[in-house]
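J.: This is my_file-v6.txt, which holds compact mmCIF, C-alpha atoms and all ligand atoms:
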# COMPACT_ATOMS: atom_id res chain seq x y z
CA MET A 1 -7.06 -11.50 1.30
CA SER A 2 -9.00 -11.88 4.46
CA LYS A 3 -8.49 -8.48 6.08
CA ALA A 4 -11.24 -7.04 3.91
CA THR A 5 -11.16 -3.48 5.10
CA GLU A 6 -7.45 -3.03 4.47
CA LYS A 7 -5.50 -2.73 1.27
CA ASN A 8 -3.03 -5.55 1.55
CA PHE A 9 0.06 -5.57 -0.60
CA VAL A 10 2.41 -8.51 -0.93
CA ILE A 11 5.90 -7.79 -2.24
CA LEU A 12 7.63 -10.75 -3.84
CA ILE A 13 11.39 -10.43 -3.70
CA GLY A 14 13.92 -12.76 -5.26
CA PRO A 15 16.60 -12.90 -7.92
CA PRO A 16 15.75 -13.16 -11.62
CA GLY A 17 14.51 -16.69 -12.33
CA ALA A 18 13.40 -17.42 -8.76
CA GLY A 19 9.83 -17.94 -9.94
CA LYS A 20 8.26 -14.66 -8.80
CA GLY A 21 6.06 -14.37 -11.89
CA THR A 22 4.85 -17.97 -11.71
CA GLN A 23 4.13 -17.69 -8.01
CA ALA A 24 2.47 -14.29 -8.36
CA LYS A 25 -0.02 -15.77 -10.84
CA LEU A 26 -0.91 -18.55 -8.41
CA LEU A 27 -1.39 -15.98 -5.64
CA VAL A 28 -3.71 -13.99 -7.90
CA GLU A 29 -5.87 -17.10 -8.33
CA ASN A 30 -5.88 -17.77 -4.62
CA PHE A 31 -6.41 -14.27 -3.21
CA GLY A 32 -8.26 -12.56 -6.06
CA VAL A 33 -6.07 -9.46 -6.14
CA PRO A 34 -4.11 -8.46 -9.27
CA GLN A 35 -0.45 -9.04 -10.02
CA VAL A 36 1.48 -5.85 -10.65
CA ALA A 37 4.67 -6.85 -12.46
CA THR A 38 6.80 -3.92 -13.57
CA GLY A 39 8.71 -6.13 -16.06
CA ASP A 40 5.40 -7.14 -17.68
CA LEU A 41 4.25 -3.50 -17.78
CA PHE A 42 7.48 -2.50 -19.51
CA ARG A 43 7.20 -5.40 -21.98
CA TYR A 44 3.61 -4.40 -22.75
CA ASN A 45 4.77 -0.84 -23.52
CA LEU A 46 7.63 -2.16 -25.59
CA LYS A 47 5.31 -4.32 -27.68
CA ASN A 48 2.98 -1.36 -28.26
CA GLU A 49 5.91 0.90 -29.10
CA THR A 50 4.92 3.61 -26.63
CA ASP A 51 7.42 6.30 -25.59
CA LEU A 52 7.77 4.54 -22.25
CA GLY A 53 8.48 1.27 -24.05
CA LYS A 54 11.15 2.87 -26.24
CA LEU A 55 12.81 4.40 -23.21
CA ALA A 56 12.68 1.17 -21.19
CA LYS A 57 14.06 -0.98 -24.01
CA GLU A 58 17.63 0.26 -23.85
CA TYR A 59 17.84 -0.47 -20.13
CA MET A 60 16.09 -3.82 -20.38
CA ASP A 61 18.34 -4.98 -23.20
CA ARG A 62 21.35 -4.32 -21.00
CA GLY A 63 19.77 -5.90 -17.93
CA GLU A 64 19.85 -2.57 -16.09
CA LEU A 65 17.09 -0.94 -14.09
CA VAL A 66 14.84 1.53 -15.87
CA PRO A 67 15.25 4.94 -14.15
CA ASP A 68 13.40 5.24 -10.86
CA GLU A 69 11.25 8.27 -11.71
CA VAL A 70 9.84 6.51 -14.77
CA THR A 71 9.26 3.24 -12.93
CA ILE A 72 7.71 4.87 -9.87
CA ALA A 73 5.34 6.99 -12.00
CA MET A 74 4.24 3.86 -13.86
CA VAL A 75 3.55 1.99 -10.60
CA LYS A 76 1.73 4.97 -9.12
CA ASP A 77 -0.54 5.04 -12.13
CA ARG A 78 -1.15 1.28 -11.96
CA LEU A 79 -1.90 1.21 -8.22
CA SER A 80 -4.44 4.01 -8.59
CA GLN A 81 -6.59 1.82 -10.84
CA ALA A 82 -9.79 0.33 -9.49
CA ASP A 83 -8.67 -3.30 -9.44
CA CYS A 84 -5.82 -2.50 -7.01
CA GLN A 85 -8.11 -1.04 -4.36
CA GLY A 86 -8.09 -4.29 -2.38
CA GLY A 87 -4.34 -4.71 -2.66
CA ALA A 88 -2.00 -6.39 -5.14
CA ILE A 89 0.83 -8.84 -5.55
CA LEU A 90 3.88 -6.75 -6.42
CA ASP A 91 6.33 -8.67 -8.59
CA GLY A 92 9.60 -6.98 -9.54
CA PHE A 93 8.91 -3.75 -7.66
CA PRO A 94 10.46 -2.27 -5.58
CA ARG A 95 13.92 -3.19 -6.82
CA ASN A 96 16.10 -0.73 -4.92
CA PRO A 97 15.88 1.37 -1.74
CA ILE A 98 14.64 4.50 -3.56
CA GLN A 99 11.72 2.55 -5.02
CA ALA A 100 11.00 1.02 -1.61
CA GLU A 101 10.82 4.47 -0.03
CA ALA A 102 8.58 5.69 -2.84
CA LEU A 103 6.29 2.70 -2.42
CA GLY A 104 5.98 3.51 1.28
CA HIS A 105 4.80 7.04 0.45
CA LEU A 106 2.48 5.77 -2.26
CA LEU A 107 0.83 3.29 0.08
CA THR A 108 0.38 5.98 2.72
CA GLU A 109 -1.37 8.13 0.09
CA ILE A 110 -3.76 5.39 -0.97
CA GLY A 111 -4.28 3.94 2.50
CA GLY A 112 -2.58 0.65 1.72
CA GLN A 113 -0.19 -1.43 3.73
CA ILE A 114 2.44 -4.07 3.15
CA ARG A 115 1.20 -7.32 4.57
CA ILE A 116 4.30 -9.45 4.01
CA VAL A 117 7.47 -9.57 1.92
CA PRO A 118 8.26 -13.14 0.87
CA LEU A 119 11.85 -13.64 -0.29
CA ILE A 120 12.12 -16.58 -2.70
CA VAL A 121 15.55 -18.14 -2.20
CA VAL A 122 17.14 -20.20 -5.00
CA ASP A 123 20.73 -21.32 -5.60
CA GLU A 124 22.43 -19.05 -8.15
CA GLU A 125 23.67 -21.67 -10.63
CA GLU A 126 20.17 -23.17 -10.68
CA LEU A 127 18.83 -19.70 -11.48
CA ILE A 128 21.11 -19.26 -14.48
CA LYS A 129 20.08 -22.70 -15.77
CA ARG A 130 16.40 -21.80 -15.39
CA LEU A 131 16.82 -18.47 -17.14
CA LEU A 132 18.66 -19.98 -20.09
CA LYS A 133 15.91 -22.57 -20.42
CA ARG A 134 13.27 -19.81 -20.29
CA ALA A 135 15.18 -18.02 -23.05
CA GLU A 136 14.74 -21.09 -25.28
CA ILE A 137 11.04 -21.45 -24.48
CA GLU A 138 9.84 -17.84 -24.35
CA GLY A 139 12.47 -16.12 -26.45
CA ARG A 140 12.73 -13.13 -24.11
CA ALA A 141 15.30 -10.72 -25.54
CA ASP A 142 16.93 -10.16 -22.15
CA ASP A 143 17.38 -13.87 -21.39
CA ASN A 144 20.83 -14.24 -23.01
CA GLU A 145 23.78 -15.21 -20.84
CA GLU A 146 25.47 -11.80 -20.72
CA THR A 147 22.26 -9.96 -19.80
CA ILE A 148 21.36 -12.64 -17.28
CA ARG A 149 24.73 -12.21 -15.50
CA ASN A 150 24.19 -8.45 -15.48
CA ARG A 151 20.66 -8.77 -14.10
CA MET A 152 22.06 -11.00 -11.38
CA ALA A 153 24.72 -8.41 -10.54
CA VAL A 154 22.07 -5.67 -10.44
CA TYR A 155 20.05 -7.84 -8.07
CA HIS A 156 23.03 -8.27 -5.74
CA GLN A 157 24.00 -4.60 -5.79
CA GLN A 158 20.64 -2.83 -5.85
CA THR A 159 17.82 -5.15 -4.80
CA LYS A 160 19.46 -7.16 -2.01
CA PRO A 161 19.56 -4.19 0.40
CA LEU A 162 15.76 -4.46 0.46
CA ILE A 163 16.08 -7.74 2.32
CA ASP A 164 17.40 -6.00 5.43
CA PHE A 165 15.10 -3.03 4.86
CA TYR A 166 12.01 -5.24 5.14
CA ARG A 167 13.54 -7.59 7.72
CA ASP A 168 13.97 -4.56 10.00
CA LYS A 169 10.28 -3.83 9.55
CA GLU A 170 9.51 -7.46 10.48
CA LEU A 171 7.83 -8.05 7.13
CA LEU A 172 10.32 -10.44 5.54
CA VAL A 173 9.79 -14.19 5.36
CA GLU A 174 12.14 -16.55 3.51
CA ILE A 175 10.64 -19.18 1.22
CA ASN A 176 12.79 -22.00 -0.18
CA GLY A 177 12.27 -21.69 -3.95
CA ASP A 178 14.34 -24.79 -4.81
CA ARG A 179 11.25 -27.03 -4.76
CA SER A 180 8.29 -27.79 -6.99
CA ILE A 181 6.03 -24.91 -8.05
CA GLU A 182 3.14 -26.42 -6.05
CA THR A 183 5.16 -26.82 -2.85
CA VAL A 184 6.53 -23.29 -3.03
CA SER A 185 3.03 -21.97 -3.70
CA ALA A 186 1.51 -23.81 -0.74
CA ASP A 187 4.22 -22.39 1.55
CA LEU A 188 3.71 -18.88 0.20
CA ILE A 189 -0.06 -18.99 0.63
CA ALA A 190 0.32 -20.26 4.19
CA ALA A 191 2.84 -17.51 5.01
CA ILE A 192 0.54 -14.81 3.62
CA GLU A 193 -2.49 -16.13 5.45
CA GLN A 194 -0.59 -16.17 8.73
CA ALA A 195 0.80 -12.65 8.26
P1 LIG A 201 11.59 -8.68 -14.90
O1 LIG A 201 10.56 -9.16 -15.83
O2 LIG A 201 11.03 -8.33 -13.54
O3 LIG A 201 12.79 -9.58 -14.80
O4 LIG A 201 12.12 -7.28 -15.49
C1 LIG A 201 12.72 -7.19 -16.76
C2 LIG A 201 13.46 -5.86 -16.89
O5 LIG A 201 12.53 -4.78 -16.74
C3 LIG A 201 14.52 -5.61 -15.82
O6 LIG A 201 15.77 -6.21 -16.14
C4 LIG A 201 14.59 -4.09 -15.85
O7 LIG A 201 15.30 -3.62 -16.99
C5 LIG A 201 13.14 -3.71 -16.04
N1 LIG A 201 12.46 -3.56 -14.73
C6 LIG A 201 11.50 -4.37 -14.20
N2 LIG A 201 11.11 -3.95 -12.99
C7 LIG A 201 11.85 -2.83 -12.72
C8 LIG A 201 11.94 -1.94 -11.63
N3 LIG A 201 11.20 -2.11 -10.52
N4 LIG A 201 12.81 -0.91 -11.72
C9 LIG A 201 13.55 -0.71 -12.82
N5 LIG A 201 13.54 -1.53 -13.87
C10 LIG A 201 12.71 -2.59 -13.84
Please rewrite the model in this file as structure tokens.
T.:
Amino acid sequence: MSKATEKNFVILIGPPGAGKGTQAKLLVENFGVPQVATGDLFRYNLKNETDLGKLAKEYMDRGELVPDEVTIAMVKDRLSQADCQGGAILDGFPRNPIQAEALGHLLTEIGGQIRIVPLIVVDEEELIKRLLKRAEIEGRADDNEETIRNRMAVYHQQTKPLIDFYRDKELLVEINGDRSIETVSADLIAAIEQA
């Protein structure tokens, strides 16, 4: 990111299946800062059968949020690592107002700032189709229809309030996610560069 002296964080918001992970990886290539994806961090712990992984599993299997104190501590640890000193692409965090507040404090501590909060907007039926397809391809345990519907409900109830939270701070920008990966990426990169 061009503002070299500042720690610039981008927060990708969007419902499950909107393409946050795919887009985050393209942003990593373009801006050279790491992706911090809480879902990936939990899955890594799950695979390695750590205590954190065992705890997270029961929530993930139900499509519920892992408790805030656990999630926030994990993010705090991750953002303190050397590769995040120039900023990061946050994917899947924060996911509710408590996490958003905690992130604000964390960034104050480490001298970072939120550069922009892109909201990737995709039609809900399209999302469910995408997630079911991903289930076939990747075999993610939480990509079955019941869990998907629950994750969508959790998004509506807990994550959506963040849209107004960041809009009030004039950080939110809406990106139409119903287009090709390349088109969405080009729009996202342009929005970040202009921020
Ligand atoms: P994701 O890969 O972002 O769709 O996340 C998969 C699952 O990990 C979610 O359904 C939650 O159970 C858990 N998870 C990921 N990020 C968070 C977060 N910020 N807070 C709580 N739980 C999370």
J.: Which centre and which edge lengths, in Å to one decimal, describe the axis-aligned box that holds all listed atoms of stretch 101-104 of chain A after 6 Å is added on each side, as JSON?
T.:
{"center_x": 8.4, "center_y": 4.2, "center_z": -0.8, "size_x": 16.8, "size_y": 15.0, "size_z": 16.1}
J.: Give one line per residue of chain A that approaches ligand LIG 201 (chain A) to at most 9 Å, naming the two atoms of the closest pair and their distance in Å to one decimal, counting only C-alpha atoms and all ligand atoms; sort by chain then ascending residue number and deliver it as JSON lines.
T.:
{"residue": "A:Pro15", "atom": "CA", "partner": "A:LIG201", "partner_atom": "O3", "distance": 8.5}
{"residue": "A:Pro16", "atom": "CA", "partner": "A:LIG201", "partner_atom": "O3", "distance": 5.6}
{"residue": "A:Gly17", "atom": "CA", "partner": "A:LIG201", "partner_atom": "O3", "distance": 7.7}
{"residue": "A:Lys20", "atom": "CA", "partner": "A:LIG201", "partner_atom": "O2", "distance": 8.4}
{"residue": "A:Gly21", "atom": "CA", "partner": "A:LIG201", "partner_atom": "O1", "distance": 7.9}
{"residue": "A:Ala37", "atom": "CA", "partner": "A:LIG201", "partner_atom": "O2", "distance": 6.6}
{"residue": "A:Thr38", "atom": "CA", "partner": "A:LIG201", "partner_atom": "N2", "distance": 4.3}
{"residue": "A:Gly39", "atom": "CA", "partner": "A:LIG201", "partner_atom": "O1", "distance": 3.6}
{"residue": "A:Asp40", "atom": "CA", "partner": "A:LIG201", "partner_atom": "O1", "distance": 5.8}
{"residue": "A:Leu41", "atom": "CA", "partner": "A:LIG201", "partner_atom": "C6", "distance": 8.1}
{"residue": "A:Phe42", "atom": "CA", "partner": "A:LIG201", "partner_atom": "O5", "distance": 6.2}
{"residue": "A:Arg43", "atom": "CA", "partner": "A:LIG201", "partner_atom": "O5", "distance": 7.5}
{"residue": "A:Ala56", "atom": "CA", "partner": "A:LIG201", "partner_atom": "O7", "distance": 6.9}
{"residue": "A:Lys57", "atom": "CA", "partner": "A:LIG201", "partner_atom": "O7", "distance": 7.6}
{"residue": "A:Glu58", "atom": "CA", "partner": "A:LIG201", "partner_atom": "O7", "distance": 8.2}
{"residue": "A:Tyr59", "atom": "CA", "partner": "A:LIG201", "partner_atom": "O7", "distance": 5.1}
{"residue": "A:Met60", "atom": "CA", "partner": "A:LIG201", "partner_atom": "O7", "distance": 3.5}
{"residue": "A:Asp61", "atom": "CA", "partner": "A:LIG201", "partner_atom": "O7", "distance": 7.0}
{"residue": "A:Arg62", "atom": "CA", "partner": "A:LIG201", "partner_atom": "O7", "distance": 7.3}
{"residue": "A:Gly63", "atom": "CA", "partner": "A:LIG201", "partner_atom": "O6", "distance": 4.4}
{"residue": "A:Glu64", "atom": "CA", "partner": "A:LIG201", "partner_atom": "O7", "distance": 4.8}
{"residue": "A:Leu65", "atom": "CA", "partner": "A:LIG201", "partner_atom": "N5", "distance": 3.6}
{"residue": "A:Val66", "atom": "CA", "partner": "A:LIG201", "partner_atom": "N5", "distance": 3.9}
{"residue": "A:Pro67", "atom": "CA", "partner": "A:LIG201", "partner_atom": "C9", "distance": 6.0}
{"residue": "A:Asp68", "atom": "CA", "partner": "A:LIG201", "partner_atom": "N4", "distance": 6.2}
{"residue": "A:Val70", "atom": "CA", "partner": "A:LIG201", "partner_atom": "C9", "distance": 8.3}
{"residue": "A:Thr71", "atom": "CA", "partner": "A:LIG201", "partner_atom": "N4", "distance": 5.6}
{"residue": "A:Ile72", "atom": "CA", "partner": "A:LIG201", "partner_atom": "N3", "distance": 7.8}
{"residue": "A:Val75", "atom": "CA", "partner": "A:LIG201", "partner_atom": "N3", "distance": 8.7}
{"residue": "A:Asp91", "atom": "CA", "partner": "A:LIG201", "partner_atom": "O2", "distance": 6.8}
{"residue": "A:Gly92", "atom": "CA", "partner": "A:LIG201", "partner_atom": "O2", "distance": 4.5}
{"residue": "A:Phe93", "atom": "CA", "partner": "A:LIG201", "partner_atom": "N3", "distance": 4.0}
{"residue": "A:Pro94", "atom": "CA", "partner": "A:LIG201", "partner_atom": "N3", "distance": 5.0}
{"residue": "A:Arg95", "atom": "CA", "partner": "A:LIG201", "partner_atom": "N3", "distance": 4.7}
{"residue": "A:Asn96", "atom": "CA", "partner": "A:LIG201", "partner_atom": "N4", "distance": 7.6}
{"residue": "A:Gln99", "atom": "CA", "partner": "A:LIG201", "partner_atom": "N3", "distance": 7.2}
{"residue": "A:Asp142", "atom": "CA", "partner": "A:LIG201", "partner_atom": "O6", "distance": 7.3}
{"residue": "A:Thr147", "atom": "CA", "partner": "A:LIG201", "partner_atom": "O6", "distance": 8.3}
{"residue": "A:Ile148", "atom": "CA", "partner": "A:LIG201", "partner_atom": "O6", "distance": 8.6}
{"residue": "A:Asn150", "atom": "CA", "partner": "A:LIG201", "partner_atom": "O6", "distance": 8.7}
{"residue": "A:Arg151", "atom": "CA", "partner": "A:LIG201", "partner_atom": "O6", "distance": 5.9}
{"residue": "A:Val154", "atom": "CA", "partner": "A:LIG201", "partner_atom": "O6", "distance": 8.5}
J.: Give the answer as one residue: which of A:Asp77, A:Asp83, A:Asp178, A:Glu69 has the shortest atom-to-atom distance to A:Pro34, using all atoms listed in the file?
T.: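 Selected residue with least distance to A:Pro34: A:Asp83.
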J.: Hey, can you check how far atom CA of A:Gly111 sits from atom CA of A:Ala190?
T.: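 Straight-line distance from atom CA of A:Gly111 to atom CA of A:Ala190 works out to 24.7 Å.
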J.: So, with all atoms listed in the file as the atoms that count, which of A:Ile120, A:Met74, A:Ile89, A:Ile128 lies closest to A:Lys160?
T.: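 The closest residue to A:Lys160 is A:Ile120.
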J.: Calculated over all atoms listed in the file, which of the candidates A:Ala82, A:Val184, A:Ile98, A:Leu171 has the smallest distance to A:Gln113?
T.: A:Leu171
J.: Go ahead and compute the interatomic distance for atom CA of A:Ser185 and atom CA of A:Thr22, in Å to one decimal.
T.: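 It comes out at 9.1 Å.
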